[in-house]
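Q: Can you keep this structure in mind? I'll have questions shortly.
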Amino acid sequence: MDAHSHPAHDPDCLFCKIVAKKIPSRPVYEDEDFYAFHDIAPWAPVHFLLIPKLHIASMAHVSAQDAPLLGRMMVLVPQLALQEGCNPYPEGGFRLVTNTGAEGGQEVRHLHWHVMGGPRPWLRG
Ligand code: AMP
Ligand code: ZN
């Protein structure tokens, strides 16, 4: 555990393995703290996942100590959305989704934000 009480990584976590490049992914963006990559089963013309490299299990696990990290993560969203081909607001835009827990539809227990956009119709949503 680090100062933020999240483990830096979990050896059994799919997205930690993606961050460590033990499992391949198609990169969208990377810096010291974050990684973004294309969703393997996209719902929309643009569909990528943005994750902190730190193994935060879900939005249910965040606390005030995580606010600076999550704030920087939030600021990346509109930047990366445009970079990946989402059209400009307001005619374009994007959808930001984070499934949390079983009833929230979360399958991978490493915090991830779905960013979806592009011309409609979409496969889902
Ligand atoms: P969630 O249901 O919110 O936990 O979403 C997990 C997402 O991860 C789904 O949209 C999957 O398509 C996506 N996913 C699962 N495995 C991979 C992978 N190896 N590379 C990229 N995306 C993945
Ligand atoms: Zn993880």
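Each chain in the structure tokens gets a letter, A, B and so on, in the order shown; residues start at 1 in every chain, and ligands are counted from 1 in the order they appear.
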Which residues are near Ile51 in chain A? Cut-off 12 Å, only C-alpha atoms, ignore same chain within fewer than 3 positions. Put them as a PyMOL selection string.
A: chain A and resi 14-16+18-19+27-39+48+54-59+69-70+72-74+76-77+98+108-115
Q: Could you tell me, counting only C-alpha atoms and all ligand atoms, which protein and nucleic acid residues lie no more than 6 Å from ligand 1, written as a VMD selection string?
A: chain A and resid 25 38 to 41 99 105 to 108
Q: Export C-alpha atoms of the chosen residues as a compact mmCIF listing (two decimals), in the first residue's frame?
A:
```
# COMPACT_ATOMS: atom_id res chain seq x y z
CA SER A 25 -3.36 -3.12 -25.81
CA HIS A 38 -8.82 1.30 -26.96
CA ASP A 39 -11.61 -0.86 -25.57
CA ILE A 40 -11.40 -4.35 -27.05
CA ALA A 41 -15.17 -4.42 -27.65
CA ASN A 99 -19.25 1.31 -13.87
CA GLY A 105 -22.03 -3.28 -14.16
CA GLN A 106 -18.29 -3.26 -13.32
CA GLU A 107 -16.43 -6.27 -14.69
CA VAL A 108 -12.80 -5.25 -14.28
```
Q: Counting only C-alpha atoms, what is within 6 Å of Val46 in chain A, bar same-chain residues fewer than 2 positions away, as a PDB file with all heavy atoms, in the first residue's frame?
A:
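Writing the result to around.pdb gives the following:
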```
ATOM      1  N   ALA A  44     -18.959   2.290 -29.639  1.00  0.00           N
ATOM      2  CA  ALA A  44     -19.126   3.545 -30.380  1.00  0.00           C
ATOM      3  C   ALA A  44     -17.905   3.711 -31.283  1.00  0.00           C
ATOM      4  O   ALA A  44     -16.877   3.057 -31.067  1.00  0.00           O
ATOM      5  CB  ALA A  44     -19.231   4.694 -29.381  1.00  0.00           C
ATOM      6  N   MET A 116     -16.636   7.501 -24.772  1.00  0.00           N
ATOM      7  CA  MET A 116     -17.267   7.059 -26.017  1.00  0.00           C
ATOM      8  C   MET A 116     -17.759   8.253 -26.800  1.00  0.00           C
ATOM      9  O   MET A 116     -18.273   9.212 -26.221  1.00  0.00           O
ATOM     10  CB  MET A 116     -18.454   6.150 -25.699  1.00  0.00           C
ATOM     11  CG  MET A 116     -18.026   4.793 -25.192  1.00  0.00           C
ATOM     12  SD  MET A 116     -19.394   3.914 -24.460  1.00  0.00           S
ATOM     13  CE  MET A 116     -19.384   4.613 -22.837  1.00  0.00           C
ATOM     14  N   GLY A 117     -17.625   8.165 -28.112  1.00  0.00           N
ATOM     15  CA  GLY A 117     -18.108   9.265 -28.937  1.00  0.00           C
ATOM     16  C   GLY A 117     -18.055   8.913 -30.398  1.00  0.00           C
ATOM     17  O   GLY A 117     -17.828   7.761 -30.761  1.00  0.00           O
ATOM     18  N   GLY A 118     -18.253   9.923 -31.217  1.00  0.00           N
ATOM     19  CA  GLY A 118     -18.271   9.738 -32.663  1.00  0.00           C
ATOM     20  C   GLY A 118     -19.701   9.707 -33.178  1.00  0.00           C
ATOM     21  O   GLY A 118     -20.656   9.648 -32.398  1.00  0.00           O
TER      22      GLY A 118
END
```
Q: Give the alpha helix (DSSP H) residues of range 38-99 of chain A, as DSSP finds them on the backbone, and put them as a PyMOL selection string.
A: chain A and resi 67-83
Q: Save the residues we just selected, N, CA, C and O atoms, as a short mmCIF file (atom, residue, chain, number, x, y, z; two decimals), in the first residue's frame?
A:
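As written to disk, out14.cif reads:
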```
data_model
loop_
_atom_site.label_atom_id
_atom_site.label_comp_id
_atom_site.auth_asym_id
_atom_site.auth_seq_id
_atom_site.Cartn_x
_atom_site.Cartn_y
_atom_site.Cartn_z
N ALA A 67 -8.22 13.05 -4.74
CA ALA A 67 -8.82 14.15 -5.52
C ALA A 67 -7.84 14.78 -6.52
O ALA A 67 -8.21 15.00 -7.67
N PRO A 68 -6.58 15.06 -6.13
CA PRO A 68 -5.67 15.67 -7.13
C PRO A 68 -5.44 14.75 -8.34
O PRO A 68 -5.47 15.22 -9.48
N LEU A 69 -5.24 13.47 -8.09
CA LEU A 69 -5.03 12.50 -9.18
C LEU A 69 -6.27 12.44 -10.07
O LEU A 69 -6.17 12.50 -11.30
N LEU A 70 -7.44 12.33 -9.45
CA LEU A 70 -8.67 12.22 -10.23
C LEU A 70 -8.97 13.51 -10.97
O LEU A 70 -9.54 13.48 -12.07
N GLY A 71 -8.59 14.63 -10.39
CA GLY A 71 -8.77 15.92 -11.07
C GLY A 71 -7.94 15.97 -12.34
O GLY A 71 -8.43 16.37 -13.40
N ARG A 72 -6.69 15.51 -12.26
CA ARG A 72 -5.84 15.50 -13.45
C ARG A 72 -6.37 14.52 -14.48
O ARG A 72 -6.29 14.76 -15.69
N MET A 73 -6.92 13.41 -13.99
CA MET A 73 -7.50 12.40 -14.89
C MET A 73 -8.70 13.00 -15.63
O MET A 73 -8.86 12.82 -16.84
N MET A 74 -9.51 13.74 -14.92
CA MET A 74 -10.71 14.36 -15.52
C MET A 74 -10.32 15.34 -16.63
O MET A 74 -10.95 15.37 -17.69
N VAL A 75 -9.27 16.11 -16.39
CA VAL A 75 -8.84 17.11 -17.36
C VAL A 75 -8.35 16.45 -18.66
O VAL A 75 -8.47 17.03 -19.74
N LEU A 76 -7.86 15.22 -18.56
CA LEU A 76 -7.39 14.51 -19.76
C LEU A 76 -8.54 14.12 -20.68
O LEU A 76 -8.33 13.97 -21.90
N VAL A 77 -9.73 13.94 -20.12
CA VAL A 77 -10.84 13.36 -20.89
C VAL A 77 -11.17 14.16 -22.15
O VAL A 77 -11.15 13.60 -23.26
N PRO A 78 -11.48 15.46 -22.05
CA PRO A 78 -11.83 16.20 -23.28
C PRO A 78 -10.68 16.28 -24.27
O PRO A 78 -10.89 16.22 -25.50
N GLN A 79 -9.46 16.35 -23.75
CA GLN A 79 -8.27 16.40 -24.59
C GLN A 79 -8.16 15.13 -25.43
O GLN A 79 -7.99 15.17 -26.64
N LEU A 80 -8.25 13.97 -24.76
CA LEU A 80 -8.09 12.68 -25.44
C LEU A 80 -9.28 12.39 -26.34
O LEU A 80 -9.12 11.78 -27.40
N ALA A 81 -10.47 12.82 -25.92
CA ALA A 81 -11.67 12.60 -26.75
C ALA A 81 -11.47 13.26 -28.12
O ALA A 81 -11.71 12.64 -29.16
N LEU A 82 -11.01 14.49 -28.14
CA LEU A 82 -10.78 15.18 -29.42
C LEU A 82 -9.66 14.51 -30.19
O LEU A 82 -9.77 14.29 -31.40
N GLN A 83 -8.60 14.16 -29.49
CA GLN A 83 -7.45 13.48 -30.12
C GLN A 83 -7.88 12.20 -30.85
O GLN A 83 -7.37 11.86 -31.91
#
```
Q: Pick out the closest residue to Ala8 in chain A from this set: A:Arg26, A:Lys21, A:Arg95, A:Lys53. Count only C-alpha atoms.
A: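 Nearest to Ala8 in chain A: A:Lys53.
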Q: What residues in range 78-113 of chain A get the DSSP label strand (DSSP E or B)? Please answer as a ChimeraX atom specification.
A: /A:94-97,113
Q: Produce a file of the selected residues containing all heavy atoms, as a short mmCIF file (atom, residue, chain, number, x, y, z; two decimals), in the first residue's frame.
A:
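So the final result, stored in again.cif, reads:
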```
data_model
loop_
_atom_site.label_atom_id
_atom_site.label_comp_id
_atom_site.auth_asym_id
_atom_site.auth_seq_id
_atom_site.Cartn_x
_atom_site.Cartn_y
_atom_site.Cartn_z
N PHE A 94 -18.99 13.68 -26.19
CA PHE A 94 -18.61 12.32 -25.81
C PHE A 94 -19.41 11.92 -24.58
O PHE A 94 -20.06 12.75 -23.95
CB PHE A 94 -17.09 12.23 -25.52
CG PHE A 94 -16.61 13.22 -24.49
CD1 PHE A 94 -16.73 12.96 -23.14
CD2 PHE A 94 -16.08 14.45 -24.89
CE1 PHE A 94 -16.30 13.89 -22.19
CE2 PHE A 94 -15.65 15.37 -23.95
CZ PHE A 94 -15.76 15.10 -22.60
N ARG A 95 -19.34 10.62 -24.25
CA ARG A 95 -19.97 10.11 -23.03
C ARG A 95 -18.87 9.57 -22.13
O ARG A 95 -17.99 8.83 -22.60
CB ARG A 95 -20.97 9.01 -23.37
CG ARG A 95 -21.64 8.42 -22.13
CD ARG A 95 -22.66 7.37 -22.50
NE ARG A 95 -23.81 7.98 -23.16
CZ ARG A 95 -24.85 7.29 -23.64
NH1 ARG A 95 -24.86 5.97 -23.55
NH2 ARG A 95 -25.86 7.91 -24.21
N LEU A 96 -18.94 9.93 -20.86
CA LEU A 96 -17.97 9.46 -19.86
C LEU A 96 -18.73 8.57 -18.87
O LEU A 96 -19.69 9.02 -18.26
CB LEU A 96 -17.37 10.68 -19.13
CG LEU A 96 -16.41 10.41 -17.98
CD1 LEU A 96 -15.18 9.65 -18.44
CD2 LEU A 96 -15.99 11.74 -17.34
N VAL A 97 -18.28 7.31 -18.74
CA VAL A 97 -19.00 6.32 -17.91
C VAL A 97 -18.00 5.59 -17.03
O VAL A 97 -16.93 5.19 -17.50
CB VAL A 97 -19.72 5.28 -18.80
CG1 VAL A 97 -20.28 4.13 -17.98
CG2 VAL A 97 -20.82 5.92 -19.62
N TRP A 113 -12.40 4.70 -16.78
CA TRP A 113 -13.44 5.56 -17.34
C TRP A 113 -13.57 5.25 -18.81
O TRP A 113 -12.59 5.31 -19.56
CB TRP A 113 -13.07 7.03 -17.15
CG TRP A 113 -13.11 7.48 -15.72
CD1 TRP A 113 -13.58 6.78 -14.64
CD2 TRP A 113 -12.64 8.74 -15.20
NE1 TRP A 113 -13.44 7.54 -13.49
CE2 TRP A 113 -12.87 8.74 -13.81
CE3 TRP A 113 -12.07 9.86 -15.79
CZ2 TRP A 113 -12.53 9.83 -13.00
CZ3 TRP A 113 -11.74 10.94 -14.99
CH2 TRP A 113 -11.98 10.93 -13.61
#
```
Q: Any idea what the distance is between CA of Arg120 in chain A and CA of Asn87 in chain A?
A: 11.3 Å
Q: Between CA of His47 in chain A and CA of Lys22 in chain A, what is the spacing in Å?
A: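 Computing it gives 21.8 Å between the two atoms.
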Q: Just checking: using only C-alpha atoms and all ligand atoms, which residue out of A:Cys13, A:Leu123, A:Ala64, A:Leu49 ends up closest to ligand 2?
A: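 For ligand 2, the nearest of the candidates is A:Cys13.
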Q: Can you work out the spacing between CA of Trp43 in chain A and CA of Cys86 in chain A in Å, to one decimal?
A: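 Atom-to-atom, CA of Trp43 in chain A to CA of Cys86 in chain A, that is 13.6 Å.
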Q: Which of these residues is nearest to ligand 2, using only C-alpha atoms and all ligand atoms: A:Pro119, A:Gly125, A:Pro7, A:Pro90?
A: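 Distance minimum relative to ligand 2 lands on A:Pro7.
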Q: Pick the closest to His6 in chain A from A:Pro42, A:Glu84, A:Asp66, A:Ala20: which is it, counting only C-alpha atoms?
A: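 The answer is A:Asp66, which sits nearest to His6 in chain A.
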Q: For ligand 2, which residue among A:Pro52, A:Gly92, A:Pro45, A:Pro121 is the nearest when counting only C-alpha atoms and all ligand atoms?
A: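 For ligand 2, the nearest of the candidates is A:Pro52.
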Q: With distances taken over only C-alpha atoms and all ligand atoms, which residue among A:Ser5, A:Gly101, A:Val62, A:Pro11 lies nearest ligand 2?
A: A:Pro11
